[in-house]
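Before any comments, here is the structure.
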Amino acid sequence: MDRKLYHVLGAKQFDRAELERLFAASREMEDVVAAGGDRRLAGRIMTTLFFEASTRTRLSFESAMHRLGGSVIGTENAAQFSSAIKGETLEDTIRIISGYSDVIVMRHTEIGSAKRAAAVTGVPVINAGDGAGEHPTQALLDAYTINKEFGRIDGLKIAMVGDLAYGRTVHSLSYMLANYQDVMIYYIAPENVQIPANVKRYMDGKGIRYQETHDLNAVAGSVDVVYQTRIQKERFPSLEEYEKASGKYIIDGELLSRMRKEAIVLHPLPRAGEIAEEVDADPRAAYFRQAHNGLYIRMALIAKCLGVAD
Amino acid sequence: MDRKLYHVLGAKQFDRAELERLFAASREMEDVVAAGGDRRLAGRIMTTLFFEASTRTRLSFESAMHRLGGSVIGTENAAQFSSAIKGETLEDTIRIISGYSDVIVMRHTEIGSAKRAAAVTGVPVINAGDGAGEHPTQALLDAYTINKEFGRIDGLKIAMVGDLAYGRTVHSLSYMLANYQDVMIYYIAPENVQIPANVKRYMDGKGIRYQETHDLNAVAGSVDVVYQTRIQKERFPSLEEYEKASGKYIIDGELLSRMRKEAIVLHPLPRAGEIAEEVDADPRAAYFRQAHNGLYIRMALIAKCLGVAD
Amino acid sequence: MDRKLYHVLGAKQFDRAELERLFAASREMEDVVAAGGDRRLAGRIMTTLFFEASTRTRLSFESAMHRLGGSVIGTENAAQFSSAIKGETLEDTIRIISGYSDVIVMRHTEIGSAKRAAAVTGVPVINAGDGAGEHPTQALLDAYTINKEFGRIDGLKIAMVGDLAYGRTVHSLSYMLANYQDVMIYYIAPENVQIPANVKRYMDGKGIRYQETHDLNAVAGSVDVVYQTRIQKERFPSLEEYEKASGKYIIDGELLSRMRKEAIVLHPLPRAGEIAEEVDADPRAAYFRQAHNGLYIRMALIAKCLGVAD
């Protein structure tokens with residue numbers, strides 16, 4: 001790995017100073033988009049190399065590149081490269097793709113694959129999700145949204161709700177929040193998908209306060225952020241158990257009525273019933289604003305990777 | 001739905017004045033393409049959101065956007081977004097995609113989906129086919145071709161041939177032709193795929209003359225346009241019945257010899273035997289010219305949607 | 001076929017003078033890329049029409065087009081057009097796509113399909129592989145790499161190793177090498193995948209010396225180039241035989257120690273074990289440089305097809 005390259009591999013690589021620089025750069029990208037984009041990346045090529053389809057994430061990155069005047073090549077069928085087909089290693093694939101592009105955005109099914117890619121290439125790699133591992137640009141847009149909505153992250157009370165075991169976004173967001181002062185996190189999950197021990201150890205090591213609970217109603221009135229997640233059906237031993245768990249934490253008008261007037265509801269999306277549509281019209285429903293923030297964060301990251309950030 | 005947005009949702013939204021404006025704009029786009037394209041949409045992004053593959057239609061739209069200098073992101077795997085995978089509604093998908101692009105071209109399997117999309121977005125939506133519903137840009141290019149080939153639509157005799165029940169292009173084209181004077185339509189179909197009652201009621205309401213018949217040979221000598229369509233195998237109860245129906249209306253040299261010297265043959269394509277290849281060399285074979293006209297119509301529509309039409 | 005169009009259909013179309021022009025143009029493209037690309041193809045559209053997925057080849061062409069400022073539309077699902085789905089002929093598909101683009105890069109499963117495409121279109125066609133037929137741009141990049149690494153092709157000794165029966169790259173490369181003086185080729189293959197008689201007849205007709213052998217070790221010390229290929233598992237009657245054959249010709253540190261200091265190892269990639277990873281660090285391992293050369297060759301070919309080569 002070229003040590004001078006700026007890769008985006010995992011949430012833990014960002015300290016507070018770097019987050020603040022990125023948030024400032026993302027804020028400027030909002031102005032760039034409002035002005036119709038610019039051409040600072042004209043002639044540069046981004047490859048979106050997706051070994052599994054994630055159309056939303058891919059389109060967000062591609063839009064970001066185009067808004068800065070760059071070009072995009074890519075595939076959602078990158079498994080065509082894989083050992084399943086012709087026996088090629090990920091490393092060989094990356095070595096070759098590196099000759100075609102100036103930055104690689106990669107999504108893969110295996111933990112650690114982004115780091116393996118970065119180790120053999122001369123171009124920056126952005127991790128767009130590596131299996132059950134990391135999805136750092138999602139965590140960045142989550143943190144950016146919180147910071148933008150409140151003007152700060154220090155001192156906030158944040159409830160993370162739903163599948164906290166397999167949902168990688170809550171892990172990555174937790175690591176990022178650990179950079180801030182006086183944050184309080186409530187981990188609210190069904191019995192069988194609670195926050196893992198390694199995340200708790202990390203938060204302990206950073207001195208971050210958190211509490212595990214099953215009672216969303218009890219904390220709804222005191223938190224600033226409810227970060228809802230999708231309960232993934234396939235994780236549960238039976239449909240009955242799944243429905244019990246998923247039905248347990250619904251954000252609806254009733255729950256909204258318990259929340260503070262200044263609080264917000266976030267969700268990495270897509271949702272599948274865990275936020276009722278009646279919530280959408282409430283100004284506290286920030287999840288679509290959150291999704292749109294992904295564009296600005298990704299513009300800032302791509303610009304940084306390609307050395308054209310301000 | 002933002003009432004000021006110009007969406008392209010269905011054939012009935014176009015009155016004669018609007019059609020004439022669009023045809024004039026399309027005519028100008030022919031000059032733009034001949035001159036190598038222009039850059040009026042530089043910096044603008046189109047999303048092609050195809051929930052079912054329709055490569056030809058998608059490429060036509062993408063070419064149109066590029067000829068005007070714009071950028072394209074998109075997918076033919078949009079079903080990845082769908083409830084089948086993660087339970088997301090079309091509305092949520094559109095809300096998010098709207099943050100990535102300036103215009104959305106959507107193809108979907110369900111009738112009415114384009115209207116549902118338009119209802120929740122702040123960017124223009126172009127319907128590129130919604131199941132058995134509408135495919136307005138195909139109807140526009142059909143009408144544009146007729147107008148271009150004859151210099152008018154008023155007073156023309158048009159035979160629509162083949163599967164008139166399920167073929168949505170003949171419905172949409174009928175609605176569009178209803179804006180013109182003294183048009184006469186012959187609906188020529190096998191017994192089990194005749195023109196539906198609701199289309200006839202619409203034409204009746206507009207005072208358009210039409211005749212249903214099974215005898216293509218009888219009208220071939222008097223019409224200006226033979227609009228042939230593909231008989232879709234999957235609609236028929238048995239292969240035998242399908243072959244009887246599909247074999248019934250073949251445009252070949254023999255039929256061509258009955259047609260007027262100034263008449264033309266159209267087909268939305270792809271064809272599967274219902275126009276013999278021997279017809280291709282005849283100047284009355286206008287179906288490839290028709291396909292190419294789709295580019296100009298789509299350039300005109302995209303420009304209009306993005307407010308840069310002349 | 002428009003005789004004035006410059007199509008890229010097969011290896012045999014290139015004589016020595018044309019190869020030298022292309023190599024010179026490719027060499028200039030290296031400078032263009034080093035300078036960040038240029039805009040000579042701004043406004044031009046390339047369609048990548050892939051009837052079977054070949055992500056690497058497609059991305060290489062798309063990168064080439066973008067480096068020259070052009071736009072790209074395309075599909076890896078072109079089989080959606082095919083008779084399997086709606087009964088459309090390749091010729092009809094090409095006639096329509098020709099209206100959307102300035103150059104077509106096509107990959108297809110059937111021998112001769114590129115020629116069929118070129119016969120019905122008014123835009124240049126580049127064959128990116130037609131089944132077991134030709135893959136001329138691979139052969140061009142192979143020959144370009146040899147010429148670049150040695151400063152010449154005349155007089156070189158080249159061993160082609162592996163599946164010489166089904167591997168189309170060794171056929172196309174043989175045809176191209178037949179343009180040069182004093183070339184000596186060693187065809188080294190397992191019993192059941194030896195070089196076909198028609199290739200040998202062609203080389204005989206051109207007066208090219210070659211030798212068929214099973215003993216790579218015996219010639220390794222005297223050749224300038226070892227062109228290794230992948231042994232394709234599916235060609236063999238049993239896994240046991242496949243493993244015997246594939247295990248027979250491994251390029252590893254031991255074989256490298258027998259080779260001349262100035263020799264190089266090439267491979268069209270992907271590899272699947274037939275070149276050990278320990279070889280990668282040796283300066284004679286030229287296969288990644290070879291892969292990157294594909295970009296320059298394709299830039300030169302696209303520029304030539306579109307009439308903007310110097």
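By order of appearance in the structure tokens: chains A, B, ..., then residues from 1 within every chain, and ligands from 1 in the order shown.
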Could you make a table, as a Markdown table, of the residues of region 246-304 of chain B that have an atom within 9 Å of an atom of region 177-194 of chain B, each with its nearest atom pair and distance in Å to one decimal, counting only C-alpha atoms, in chain and number order?
```
| residue | atom | partner | partner_atom | distance |
| --- | --- | --- | --- | --- |
| B:Ser246 | CA | B:Pro190 | CA | 8.4 |
| B:Lys248 | CA | B:Pro190 | CA | 8.0 |
| B:Tyr249 | CA | B:Ala189 | CA | 8.5 |
```
Chain B near chain A within 7 Å: what's each residue's closest atom pair and its distance in Å to one decimal, counting only C-alpha atoms, ordered by chain then ascending residue number, as a tab-separated table?
```
residue	atom	partner	partner_atom	distance
B:Gly43	CA	A:Gly37	CA	6.1
B:Ser71	CA	A:His66	CA	6.8
B:Ile73	CA	A:Leu59	CA	6.4
B:Gly74	CA	A:Leu59	CA	6.9
B:Lys86	CA	A:Ala272	CA	6.7
B:Gly87	CA	A:Ala272	CA	4.9
B:Glu88	CA	A:Pro270	CA	5.7
B:Ile96	CA	A:Ala291	CA	6.4
B:Gly99	CA	A:His292	CA	5.3
B:Tyr100	CA	A:Ser63	CA	5.6
```
Next, dump the selected residues to file, keeping only N, CA, C and O atoms, as an mmCIF file, in the first residue's frame.
```
data_model
loop_
_atom_site.group_PDB
_atom_site.id
_atom_site.type_symbol
_atom_site.label_atom_id
_atom_site.label_comp_id
_atom_site.auth_asym_id
_atom_site.auth_seq_id
_atom_site.Cartn_x
_atom_site.Cartn_y
_atom_site.Cartn_z
ATOM 1 N N GLY B 43 -23.272 18.873 -16.731
ATOM 2 C CA GLY B 43 -23.443 18.972 -15.282
ATOM 3 C C GLY B 43 -24.753 18.414 -14.776
ATOM 4 O O GLY B 43 -24.928 18.252 -13.571
ATOM 5 N N SER B 71 -24.823 13.761 -18.036
ATOM 6 C CA SER B 71 -24.277 12.527 -17.474
ATOM 7 C C SER B 71 -25.408 11.573 -17.115
ATOM 8 O O SER B 71 -26.548 11.985 -16.922
ATOM 9 N N ILE B 73 -26.480 8.052 -14.719
ATOM 10 C CA ILE B 73 -26.271 6.933 -13.810
ATOM 11 C C ILE B 73 -27.488 6.036 -13.958
ATOM 12 O O ILE B 73 -28.515 6.460 -14.494
ATOM 13 N N GLY B 74 -27.389 4.792 -13.526
ATOM 14 C CA GLY B 74 -28.568 3.972 -13.709
ATOM 15 C C GLY B 74 -28.371 2.524 -13.396
ATOM 16 O O GLY B 74 -27.286 2.094 -12.996
ATOM 17 N N LYS B 86 -35.845 -6.222 -0.046
ATOM 18 C CA LYS B 86 -35.728 -5.664 1.301
ATOM 19 C C LYS B 86 -36.986 -4.974 1.785
ATOM 20 O O LYS B 86 -36.985 -4.334 2.836
ATOM 21 N N GLY B 87 -38.058 -5.054 1.026
ATOM 22 C CA GLY B 87 -39.318 -4.517 1.505
ATOM 23 C C GLY B 87 -39.494 -3.028 1.306
ATOM 24 O O GLY B 87 -40.413 -2.428 1.859
ATOM 25 N N GLU B 88 -38.637 -2.384 0.514
ATOM 26 C CA GLU B 88 -38.779 -0.940 0.325
ATOM 27 C C GLU B 88 -39.895 -0.630 -0.661
ATOM 28 O O GLU B 88 -40.059 -1.320 -1.672
ATOM 29 N N ILE B 96 -35.205 8.726 -2.537
ATOM 30 C CA ILE B 96 -33.753 8.700 -2.365
ATOM 31 C C ILE B 96 -33.048 9.000 -3.686
ATOM 32 O O ILE B 96 -32.142 9.836 -3.739
ATOM 33 N N GLY B 99 -32.439 12.521 -4.848
ATOM 34 C CA GLY B 99 -31.308 13.280 -4.330
ATOM 35 C C GLY B 99 -30.052 13.126 -5.160
ATOM 36 O O GLY B 99 -29.074 13.845 -4.955
ATOM 37 N N TYR B 100 -30.055 12.188 -6.102
ATOM 38 C CA TYR B 100 -28.853 11.902 -6.887
ATOM 39 C C TYR B 100 -28.932 12.446 -8.300
ATOM 40 O O TYR B 100 -27.954 12.356 -9.049
#
```
**Message:** Residues of region 3-247 of chain C classed as alpha helix (DSSP H) by DSSP on the backbone are to be reported as an NGL selection string.
**Reply:** :C and (16-34 or 55-67 or 90-97 or 113-120 or 136-150 or 168-177 or 197-206 or 216-220 or 239-247)
**9 Å contact set for Leu266 (chain B), only C-alpha atoms, chain neighbours under 4 positions out, as number ranges by chain** = B: 142, 145-146, 225-229, 284-288, 290
Go ahead and write the residues just picked, N, CA, C and O atoms, as a PDB file, in the first residue's frame.
```
ATOM      1  N   ASP B 142     -43.503   7.252 -32.568  1.00  0.00           N
ATOM      2  CA  ASP B 142     -44.351   6.737 -33.642  1.00  0.00           C
ATOM      3  C   ASP B 142     -45.062   7.894 -34.354  1.00  0.00           C
ATOM      4  O   ASP B 142     -45.051   7.992 -35.592  1.00  0.00           O
ATOM      5  N   THR B 145     -42.721  10.055 -36.296  1.00  0.00           N
ATOM      6  CA  THR B 145     -42.302   9.431 -37.554  1.00  0.00           C
ATOM      7  C   THR B 145     -43.371   9.608 -38.631  1.00  0.00           C
ATOM      8  O   THR B 145     -43.072   9.956 -39.782  1.00  0.00           O
ATOM      9  N   ILE B 146     -44.622   9.385 -38.263  1.00  0.00           N
ATOM     10  CA  ILE B 146     -45.707   9.552 -39.237  1.00  0.00           C
ATOM     11  C   ILE B 146     -45.727  10.992 -39.748  1.00  0.00           C
ATOM     12  O   ILE B 146     -45.776  11.254 -40.954  1.00  0.00           O
ATOM     13  N   VAL B 225     -50.391   4.112 -43.660  1.00  0.00           N
ATOM     14  CA  VAL B 225     -49.456   3.532 -42.697  1.00  0.00           C
ATOM     15  C   VAL B 225     -49.923   2.138 -42.311  1.00  0.00           C
ATOM     16  O   VAL B 225     -51.102   1.956 -41.975  1.00  0.00           O
ATOM     17  N   VAL B 226     -49.028   1.170 -42.395  1.00  0.00           N
ATOM     18  CA  VAL B 226     -49.269  -0.124 -41.755  1.00  0.00           C
ATOM     19  C   VAL B 226     -48.372  -0.188 -40.535  1.00  0.00           C
ATOM     20  O   VAL B 226     -47.141  -0.204 -40.651  1.00  0.00           O
ATOM     21  N   TYR B 227     -49.011  -0.153 -39.352  1.00  0.00           N
ATOM     22  CA  TYR B 227     -48.266  -0.208 -38.093  1.00  0.00           C
ATOM     23  C   TYR B 227     -48.342  -1.643 -37.593  1.00  0.00           C
ATOM     24  O   TYR B 227     -49.317  -2.057 -36.989  1.00  0.00           O
ATOM     25  N   GLN B 228     -47.300  -2.405 -37.900  1.00  0.00           N
ATOM     26  CA  GLN B 228     -47.251  -3.819 -37.543  1.00  0.00           C
ATOM     27  C   GLN B 228     -46.745  -3.974 -36.103  1.00  0.00           C
ATOM     28  O   GLN B 228     -45.934  -3.141 -35.643  1.00  0.00           O
ATOM     29  N   THR B 229     -47.210  -4.983 -35.402  1.00  0.00           N
ATOM     30  CA  THR B 229     -46.691  -5.261 -34.051  1.00  0.00           C
ATOM     31  C   THR B 229     -46.369  -6.738 -33.913  1.00  0.00           C
ATOM     32  O   THR B 229     -46.792  -7.564 -34.706  1.00  0.00           O
ATOM     33  N   ARG B 284     -40.368   2.053 -48.510  1.00  0.00           N
ATOM     34  CA  ARG B 284     -41.538   2.166 -47.626  1.00  0.00           C
ATOM     35  C   ARG B 284     -41.305   1.522 -46.264  1.00  0.00           C
ATOM     36  O   ARG B 284     -42.083   1.721 -45.333  1.00  0.00           O
ATOM     37  N   ALA B 285     -40.252   0.744 -46.126  1.00  0.00           N
ATOM     38  CA  ALA B 285     -39.892   0.144 -44.826  1.00  0.00           C
ATOM     39  C   ALA B 285     -39.312   1.245 -43.950  1.00  0.00           C
ATOM     40  O   ALA B 285     -38.143   1.607 -44.075  1.00  0.00           O
ATOM     41  N   ALA B 286     -40.127   1.804 -43.077  1.00  0.00           N
ATOM     42  CA  ALA B 286     -39.712   2.980 -42.302  1.00  0.00           C
ATOM     43  C   ALA B 286     -39.366   2.639 -40.858  1.00  0.00           C
ATOM     44  O   ALA B 286     -39.084   3.521 -40.059  1.00  0.00           O
ATOM     45  N   TYR B 287     -39.340   1.358 -40.522  1.00  0.00           N
ATOM     46  CA  TYR B 287     -39.215   0.996 -39.098  1.00  0.00           C
ATOM     47  C   TYR B 287     -37.837   1.268 -38.509  1.00  0.00           C
ATOM     48  O   TYR B 287     -37.721   1.514 -37.309  1.00  0.00           O
ATOM     49  N   PHE B 288     -36.786   1.225 -39.317  1.00  0.00           N
ATOM     50  CA  PHE B 288     -35.477   1.580 -38.742  1.00  0.00           C
ATOM     51  C   PHE B 288     -35.354   3.105 -38.627  1.00  0.00           C
ATOM     52  O   PHE B 288     -34.796   3.611 -37.665  1.00  0.00           O
ATOM     53  N   GLN B 290     -37.858   4.933 -37.991  1.00  0.00           N
ATOM     54  CA  GLN B 290     -38.695   5.149 -36.808  1.00  0.00           C
ATOM     55  C   GLN B 290     -37.893   4.944 -35.520  1.00  0.00           C
ATOM     56  O   GLN B 290     -37.940   5.778 -34.594  1.00  0.00           O
TER      57      GLN B 290
END
```
**Request:** Have a look at CA of Ile104 (chain A) and CA of Ala281 (chain C) and let me know their distance in Å, one decimal.
**Result:** 23.2 Å
**Message:** Need the shell around region 109-121 of chain B: protein/DNA/RNA residues with any atom at most 10 Å away, counting only C-alpha atoms. Skip same-chain ones fewer than 3 positions apart. Format as a ChimeraX atom specification?
**Reply:** /B:1-3,5-10,50-52,79,90-99,103-106,124-134
Those residues with N, CA and C atoms, as a short mmCIF file (atom, residue, chain, number, x, y, z; two decimals), in the first residue's frame please?
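Contents of result10.cif, as written:
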```cif
data_model
loop_
_atom_site.label_atom_id
_atom_site.label_comp_id
_atom_site.auth_asym_id
_atom_site.auth_seq_id
_atom_site.Cartn_x
_atom_site.Cartn_y
_atom_site.Cartn_z
N MET B 1 -46.76 15.98 -5.80
CA MET B 1 -46.14 16.29 -7.10
C MET B 1 -46.07 17.81 -7.28
N ASP B 2 -44.88 18.26 -7.60
CA ASP B 2 -44.69 19.68 -7.90
C ASP B 2 -45.38 19.97 -9.23
N ARG B 3 -46.40 20.81 -9.18
CA ARG B 3 -47.21 21.07 -10.38
C ARG B 3 -46.44 21.78 -11.48
N LEU B 5 -43.42 20.96 -12.35
CA LEU B 5 -42.55 20.01 -13.04
C LEU B 5 -43.22 19.48 -14.29
N TYR B 6 -42.41 19.22 -15.31
CA TYR B 6 -42.90 18.64 -16.55
C TYR B 6 -42.57 17.15 -16.52
N HIS B 7 -43.54 16.33 -16.16
CA HIS B 7 -43.37 14.88 -16.19
C HIS B 7 -43.88 14.34 -17.52
N VAL B 8 -43.39 13.19 -17.93
CA VAL B 8 -43.91 12.48 -19.10
C VAL B 8 -44.48 11.16 -18.60
N LEU B 9 -45.78 11.12 -18.41
CA LEU B 9 -46.38 9.97 -17.74
C LEU B 9 -47.26 9.12 -18.65
N GLY B 10 -48.01 9.77 -19.55
CA GLY B 10 -48.90 8.99 -20.40
C GLY B 10 -49.25 9.73 -21.68
N PHE B 50 -34.44 1.19 -14.14
CA PHE B 50 -35.19 0.17 -14.87
C PHE B 50 -35.43 -1.04 -13.98
N PHE B 51 -36.68 -1.24 -13.59
CA PHE B 51 -37.04 -2.38 -12.74
C PHE B 51 -37.17 -3.65 -13.58
N GLU B 52 -37.20 -3.50 -14.89
CA GLU B 52 -37.03 -4.65 -15.77
C GLU B 52 -36.13 -4.20 -16.91
N ALA B 79 -34.82 -3.90 -9.57
CA ALA B 79 -35.59 -4.80 -8.72
C ALA B 79 -34.83 -5.12 -7.44
N LEU B 90 -41.71 1.62 -3.64
CA LEU B 90 -41.27 2.42 -4.77
C LEU B 90 -41.11 3.88 -4.36
N GLU B 91 -42.04 4.36 -3.54
CA GLU B 91 -41.98 5.77 -3.13
C GLU B 91 -40.68 6.10 -2.40
N ASP B 92 -40.27 5.23 -1.48
CA ASP B 92 -39.01 5.47 -0.77
C ASP B 92 -37.83 5.46 -1.74
N THR B 93 -37.83 4.50 -2.63
CA THR B 93 -36.74 4.43 -3.62
C THR B 93 -36.64 5.73 -4.40
N ILE B 94 -37.78 6.22 -4.88
CA ILE B 94 -37.79 7.44 -5.67
C ILE B 94 -37.33 8.64 -4.84
N ARG B 95 -37.78 8.71 -3.59
CA ARG B 95 -37.36 9.83 -2.73
C ARG B 95 -35.84 9.89 -2.63
N ILE B 96 -35.21 8.73 -2.54
CA ILE B 96 -33.75 8.70 -2.36
C ILE B 96 -33.05 9.00 -3.69
N ILE B 97 -33.48 8.35 -4.75
CA ILE B 97 -32.86 8.58 -6.06
C ILE B 97 -32.98 10.05 -6.47
N SER B 98 -34.05 10.68 -6.04
CA SER B 98 -34.25 12.10 -6.38
C SER B 98 -33.10 12.97 -5.87
N GLY B 99 -32.44 12.52 -4.85
CA GLY B 99 -31.31 13.28 -4.33
C GLY B 99 -30.05 13.13 -5.16
N VAL B 103 -33.23 14.27 -13.35
CA VAL B 103 -34.39 13.72 -14.05
C VAL B 103 -34.31 12.20 -13.92
N ILE B 104 -35.47 11.57 -13.74
CA ILE B 104 -35.53 10.12 -13.58
C ILE B 104 -36.30 9.52 -14.74
N VAL B 105 -35.67 8.56 -15.43
CA VAL B 105 -36.35 7.79 -16.48
C VAL B 105 -36.62 6.42 -15.88
N MET B 106 -37.89 6.08 -15.76
CA MET B 106 -38.23 4.86 -15.03
C MET B 106 -38.99 3.86 -15.88
N PRO B 124 -38.29 15.81 -12.40
CA PRO B 124 -39.18 15.27 -13.44
C PRO B 124 -39.00 13.76 -13.62
N VAL B 125 -40.12 13.09 -13.89
CA VAL B 125 -40.12 11.65 -14.14
C VAL B 125 -40.57 11.41 -15.58
N ILE B 126 -39.83 10.57 -16.29
CA ILE B 126 -40.24 10.15 -17.63
C ILE B 126 -40.57 8.67 -17.58
N ASN B 127 -41.78 8.33 -17.94
CA ASN B 127 -42.25 6.95 -17.96
C ASN B 127 -41.70 6.24 -19.19
N ALA B 128 -40.83 5.26 -18.95
CA ALA B 128 -40.27 4.47 -20.06
C ALA B 128 -40.96 3.12 -20.15
N GLY B 129 -42.22 3.11 -19.72
CA GLY B 129 -42.98 1.87 -19.76
C GLY B 129 -43.35 1.41 -18.37
N ASP B 130 -44.65 1.34 -18.08
CA ASP B 130 -45.06 0.81 -16.78
C ASP B 130 -45.99 -0.38 -17.00
N GLY B 131 -45.38 -1.55 -17.13
CA GLY B 131 -46.12 -2.80 -17.28
C GLY B 131 -47.05 -2.75 -18.48
N ALA B 132 -48.27 -3.21 -18.30
CA ALA B 132 -49.24 -3.19 -19.39
C ALA B 132 -49.86 -1.81 -19.56
N GLY B 133 -49.30 -0.81 -18.85
CA GLY B 133 -49.88 0.53 -18.88
C GLY B 133 -49.46 1.33 -20.10
N GLU B 134 -48.60 2.31 -19.91
CA GLU B 134 -48.26 3.24 -20.97
C GLU B 134 -46.78 3.15 -21.33
#
```
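CA of Tyr175 (chain C) lies 7.9 Å from CA of Val199 (chain C).
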**Message:** Using only C-alpha atoms, can you tell me which of B:Asp224, B:Asp215, B:Thr89, B:His171 comes closest to Gly155 (chain B)?
**Reply:**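 The closest residue to Gly155 (chain B) is B:Asp224.
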